[in-house]
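final_12.txt (compact mmCIF, C-alpha atoms) appears below.
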# COMPACT_ATOMS: atom_id res chain seq x y z
CA MET A 1 0.00 0.00 0.00
CA LYS A 2 1.36 3.41 -0.96
CA LYS A 3 1.18 6.54 1.18
CA SER A 4 -1.33 8.07 -1.23
CA GLU A 5 -3.67 5.12 -0.62
CA ALA A 6 -4.09 5.88 3.08
CA ILE A 7 -7.47 4.81 4.36
CA VAL A 8 -7.77 8.01 6.43
CA PRO A 9 -6.19 11.35 5.45
CA LEU A 10 -3.36 12.44 7.77
CA GLU A 11 -4.97 15.86 8.23
CA ARG A 12 -8.08 14.21 9.67
CA ILE A 13 -5.98 12.24 12.14
CA GLU A 14 -3.88 15.26 13.13
CA LYS A 15 -7.06 17.14 14.07
CA VAL A 16 -7.92 14.55 16.74
CA ILE A 17 -4.49 14.42 18.39
CA PHE A 18 -4.60 16.36 21.66
CA LEU A 19 -2.02 17.25 24.28
CA ILE A 20 -3.08 15.90 27.67
CA ARG A 21 -0.75 15.63 30.70
CA GLY A 22 2.15 16.53 28.45
CA GLN A 23 1.50 13.63 26.06
CA ARG A 24 0.00 13.57 22.58
CA VAL A 25 -3.08 11.36 22.67
CA ILE A 26 -6.16 10.34 20.69
CA LEU A 27 -9.49 9.77 22.45
CA ASP A 28 -11.26 6.43 22.28
CA SER A 29 -14.30 7.89 20.52
CA HIS A 30 -12.14 9.33 17.73
CA LEU A 31 -10.27 6.05 17.35
CA ALA A 32 -13.56 4.16 17.18
CA VAL A 33 -14.69 6.38 14.29
CA LEU A 34 -11.37 5.90 12.49
CA TYR A 35 -11.50 2.11 12.98
CA GLY A 36 -15.17 1.92 12.04
CA VAL A 37 -16.30 0.33 15.32
CA GLU A 38 -18.48 1.47 18.20
CA THR A 39 -16.71 3.19 21.07
CA LYS A 40 -18.07 0.68 23.56
CA ALA A 41 -16.72 -2.21 21.47
CA LEU A 42 -13.27 -0.60 21.39
CA LYS A 43 -13.35 0.03 25.16
CA ARG A 44 -14.52 -3.55 25.78
CA ALA A 45 -11.59 -4.92 23.75
CA VAL A 46 -9.19 -2.72 25.72
CA ARG A 47 -10.67 -3.77 29.09
CA ARG A 48 -10.27 -7.43 28.11
CA ASN A 49 -6.57 -6.79 27.41
CA LEU A 50 -5.66 -4.22 30.10
CA GLU A 51 -2.29 -5.91 30.74
CA ARG A 52 -1.25 -4.69 27.27
CA PHE A 53 -1.95 -1.06 28.17
CA PRO A 54 0.26 0.27 30.97
CA SER A 55 -0.31 3.79 32.29
CA ASP A 56 2.02 5.38 29.73
CA PHE A 57 0.01 3.79 26.87
CA LEU A 58 -3.50 4.52 28.10
CA LEU A 59 -4.86 7.37 30.23
CA GLU A 60 -8.36 7.58 31.64
CA LEU A 61 -9.30 11.24 31.61
CA THR A 62 -10.39 13.01 34.75
CA THR A 63 -13.67 14.94 34.81
CA PRO A 64 -11.96 18.38 34.58
CA GLU A 65 -9.80 17.20 31.65
CA TYR A 66 -12.84 15.85 29.83
CA LYS A 67 -14.83 19.05 30.41
CA ALA A 68 -11.93 21.13 29.10
CA LEU A 69 -11.78 18.99 25.95
CA ARG A 70 -15.54 19.12 25.47
CA ARG A 71 -15.35 22.92 25.34
CA GLN A 72 -13.09 22.52 22.30
CA PHE A 73 -15.61 20.24 20.54
CA GLY A 74 -18.61 22.49 21.05
CA PRO A 75 -22.01 21.49 22.45
CA LEU A 76 -22.86 17.81 22.51
CA GLU A 77 -25.65 16.49 20.38
CA LYS A 78 -28.57 14.84 22.16
CA GLY A 79 -27.75 11.23 22.97
CA LYS A 80 -24.13 11.48 21.81
CA HIS A 81 -22.40 11.87 25.16
CA ALA A 82 -20.70 9.07 27.06
CA LYS A 83 -21.70 7.92 30.52
CA PHE A 84 -18.11 7.05 31.33
CA LEU A 85 -14.93 9.07 31.11
CA PRO A 86 -13.04 8.42 27.89
CA TYR A 87 -9.72 6.70 27.43
CA ALA A 88 -6.88 8.60 25.80
CA PHE A 89 -4.32 6.53 23.88
CA THR A 90 -0.72 7.64 23.48
CA GLU A 91 1.22 6.77 20.35
CA GLN A 92 2.39 3.51 21.94
CA GLY A 93 -1.17 2.77 23.05
CA VAL A 94 -2.45 3.16 19.51
CA ALA A 95 0.29 0.79 18.30
CA MET A 96 -0.73 -1.74 20.95
CA LEU A 97 -4.36 -1.34 19.92
CA SER A 98 -3.48 -2.93 16.58
CA SER A 99 -2.77 -6.19 18.39
CA VAL A 100 -6.18 -6.04 20.08
CA LEU A 101 -8.22 -5.05 17.02
CA ARG A 102 -7.20 -7.47 14.29
CA SER A 103 -9.18 -6.38 11.24
CA GLN A 104 -7.52 -5.30 7.99
CA ARG A 105 -9.05 -1.83 8.44
CA ALA A 106 -7.52 -1.58 11.93
CA ILE A 107 -4.08 -2.40 10.52
CA ARG A 108 -4.36 0.21 7.73
CA VAL A 109 -5.74 2.86 10.09
CA ASN A 110 -2.92 2.16 12.57
CA VAL A 111 -0.34 2.72 9.83
CA ALA A 112 -1.99 6.05 8.99
CA ILE A 113 -2.07 7.08 12.66
CA MET A 114 1.60 6.20 13.16
CA ARG A 115 2.45 8.34 10.10
CA ALA A 116 0.45 11.22 11.58
CA PHE A 117 2.33 10.99 14.89
CA VAL A 118 5.67 10.92 13.03
CA ARG A 119 4.68 13.92 10.89
CA LEU A 120 3.58 15.82 14.01
CA ARG A 121 6.90 15.04 15.71
CA GLU A 122 8.83 16.25 12.65
CA THR A 123 6.78 19.47 12.60
CA LEU A 124 7.49 20.08 16.28
CA VAL A 125 11.23 19.57 15.72
CA ALA A 126 11.18 22.03 12.81
CA HIS A 127 9.30 24.57 14.96
CA ARG A 128 11.75 24.08 17.80
CA GLU A 129 14.70 24.76 15.46
CA LEU A 130 12.92 27.84 14.13
CA ALA A 131 12.30 29.09 17.69
CA VAL A 132 16.00 28.69 18.53
CA LYS A 133 17.00 30.66 15.43
CA LEU A 134 14.47 33.37 16.29
CA ARG A 135 15.86 33.68 19.84
CA LYS A 136 19.40 34.05 18.46
CA LEU A 137 18.20 36.72 16.04
CA GLU A 138 16.42 38.58 18.86
CA ARG A 139 19.60 38.58 20.95
CA LYS A 140 21.60 39.84 18.01
CA ILE A 141 19.09 42.63 17.35
CA GLU A 142 19.09 43.61 21.02
CA SER A 143 22.87 44.04 20.92
CA HIS A 144 22.51 46.03 17.70
CA ASP A 145 19.83 48.18 19.32
CA GLU A 146 22.20 49.04 22.14
CA GLY A 147 24.95 49.93 19.65
CA ILE A 148 22.58 52.07 17.57
CA ARG A 149 21.32 53.85 20.69
CA THR A 150 24.91 54.66 21.72
CA LEU A 151 25.66 55.92 18.20
CA PHE A 152 22.62 58.24 18.21
CA GLU A 153 23.56 59.64 21.61
CA ALA A 154 27.06 60.43 20.30
CA ILE A 155 25.61 62.10 17.20
CA ARG A 156 23.24 64.19 19.35
CA ARG A 157 26.14 65.35 21.51
CA LEU A 158 28.09 66.34 18.40
CA MET A 159 25.08 68.18 16.95
CA SER A 160 24.34 70.20 20.06
CA PRO A 161 26.28 73.47 20.16
CA ALA A 162 29.29 73.41 22.37
CA PRO A 163 28.85 75.57 25.44
CA LEU A 164 30.65 78.89 25.17
CA PRO A 165 33.58 79.27 27.50
CA ARG A 166 32.47 81.13 30.58
CA ARG A 167 34.14 84.39 31.28
CA ARG A 168 35.16 84.89 34.78
CA ILE A 169 33.47 87.69 36.56
CA GLY A 170 35.50 89.95 38.74
CA PHE A 171 38.89 91.62 38.93
CA ARG A 172 41.66 90.41 36.66
CA PRO A 173 45.21 91.11 37.72
Written form, structure tokens:
Amino acid sequence: MKKSEAIVPLERIEKVIFLIRGQRVILDSHLAVLYGVETKALKRAVRRNLERFPSDFLLELTTPEYKALRRQFGPLEKGKHAKFLPYAFTEQGVAMLSSVLRSQRAIRVNVAIMRAFVRLRETLVAHRELAVKLRKLERKIESHDEGIRTLFEAIRRLMSPAPLPRRRIGFRP
């Protein structure tokens, strides 16, 4: 299978990758849509294989985290909200999910998701390098600003008329 034949566009996957607790994750409901299964079926498969999902592979969101994420999604449609807090899968958790969900679609979707995580990582590295270059440029400009300011002060002093020598008042011998 070629990259152009991806079952799910990378842009669609990148939109559902969130940063939670300092880790990039995808929610169970989004993964269920990508895999073409119900969320409860995906969660059931995960619960049956919990030993495959240590805490750095799978996070169960807290109520405040879930509420904060829901604000990003907008209002919920009637009957479309979960009774239970969602799972959030890290990159390694998504990879492990491929061993739990064994359909051909799951394999192809997993490949697309792994590519999205790699692309996101590459983008972050490029941004980090750009940020470092920008900081260096800012420091250089700051030193130039100080030099320019000193130059202008010297020019102003040269432009201002020199004070006339003061004549002494009083008796001269």
Can you tell me how far CA of Tyr35 in chain A sits from CA of Val100 in chain A, in Å to one decimal?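 The value is 12.0 Å.
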Within 10 Å of range 51-53 of chain A, counting all atoms listed in the file, which residues show up once you throw out same-chain ones fewer than 5 positions away? Write them as a list in words, please. Val46, Leu58, Leu59, Phe89, Thr90, Gln92, Gly93, Val94, Met96, Leu97, Ser99 and Val100 of chain A
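Going from CA of Leu124 in chain A over to CA of Leu137 in chain A, you cover 19.8 Å.
The gap separating CA of Leu27 in chain A from CA of Ile7 in chain A is 18.9 Å, in Å to one decimal.
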What's the 10 Å shell around Met114 in chain A, counting all atoms listed in the file, without same-chain residues fewer than 6 positions away, as number ranges by chain? A: 10, 13, 91-92, 94-95, 120
Restricting the calculation to all atoms listed in the file: of A:Val16, A:Arg149, A:Ser143, A:Ile26, which residue gets closest to Gln72 in chain A? A:Val16
Can you work out which one of A:Arg166, A:Arg12, A:Arg139, A:Lys133 has the shortest atom-to-atom distance to Ala112 in chain A, counting only C-alpha atoms? A:Arg12
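With all atoms listed in the file as the atoms that count, the minimum distance from Ala32 in chain A to the choices A:Pro165, A:Pro86, A:Gly170, A:Gly147 is reached by A:Pro86.
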For a quick check of understanding, using all atoms listed in the file, which of A:Glu65, A:Ala45, A:Thr39, A:Arg24 has the smallest distance to Ser98 in chain A?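 That would be A:Ala45, the residue with the smallest distance to Ser98 in chain A.
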Nearest to Gly36 in chain A among A:Leu69, A:Ile107, A:Val125, A:Leu158, with distances taken over all atoms listed in the file: which residue is it?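 Looking at the shortest contact to Gly36 in chain A, the residue is A:Ile107.
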Because some atoms of range 4-22 of chain A are absent here, can you restore N, CA and C atoms and send them as a short mmCIF file (atom, residue, chain, number, x, y, z; two decimals), in the coordinates of the input?
data_model
loop_
_atom_site.label_atom_id
_atom_site.label_comp_id
_atom_site.auth_asym_id
_atom_site.auth_seq_id
_atom_site.Cartn_x
_atom_site.Cartn_y
_atom_site.Cartn_z
N SER A 4 -0.18 7.38 -0.65
CA SER A 4 -1.33 8.07 -1.23
C SER A 4 -2.62 7.26 -1.08
N GLU A 5 -2.50 5.98 -0.77
CA GLU A 5 -3.67 5.12 -0.62
C GLU A 5 -4.12 5.01 0.83
N ALA A 6 -3.73 5.93 1.65
CA ALA A 6 -4.09 5.88 3.08
C ALA A 6 -5.60 5.82 3.23
N ILE A 7 -6.04 5.00 4.14
CA ILE A 7 -7.47 4.81 4.36
C ILE A 7 -8.10 6.06 4.99
N VAL A 8 -7.31 6.79 5.78
CA VAL A 8 -7.77 8.01 6.43
C VAL A 8 -6.74 9.11 6.15
N PRO A 9 -7.17 10.28 5.71
CA PRO A 9 -6.19 11.35 5.45
C PRO A 9 -5.46 11.77 6.73
N LEU A 10 -4.17 12.05 6.61
CA LEU A 10 -3.36 12.44 7.77
C LEU A 10 -3.92 13.69 8.44
N GLU A 11 -4.43 14.62 7.66
CA GLU A 11 -4.97 15.86 8.23
C GLU A 11 -6.13 15.57 9.18
N ARG A 12 -6.94 14.58 8.82
CA ARG A 12 -8.08 14.21 9.67
C ARG A 12 -7.59 13.62 11.00
N ILE A 13 -6.54 12.83 10.93
CA ILE A 13 -5.98 12.24 12.14
C ILE A 13 -5.33 13.30 13.01
N GLU A 14 -4.58 14.21 12.37
CA GLU A 14 -3.88 15.26 13.13
C GLU A 14 -4.85 16.14 13.90
N LYS A 15 -6.06 16.30 13.40
CA LYS A 15 -7.06 17.14 14.07
C LYS A 15 -7.55 16.52 15.39
N VAL A 16 -7.42 15.21 15.53
CA VAL A 16 -7.92 14.55 16.74
C VAL A 16 -6.80 14.17 17.71
N ILE A 17 -5.59 14.65 17.45
CA ILE A 17 -4.49 14.42 18.39
C ILE A 17 -4.45 15.61 19.35
N PHE A 18 -4.56 15.32 20.63
CA PHE A 18 -4.60 16.36 21.66
C PHE A 18 -3.40 16.21 22.59
N LEU A 19 -3.09 17.28 23.28
CA LEU A 19 -2.02 17.25 24.28
C LEU A 19 -2.67 17.21 25.66
N ILE A 20 -2.51 16.08 26.34
CA ILE A 20 -3.08 15.90 27.67
C ILE A 20 -1.97 15.37 28.58
N ARG A 21 -1.79 16.01 29.73
CA ARG A 21 -0.75 15.63 30.70
C ARG A 21 0.63 15.58 30.05
N GLY A 22 0.85 16.46 29.10
CA GLY A 22 2.15 16.53 28.45
C GLY A 22 2.40 15.46 27.40
#
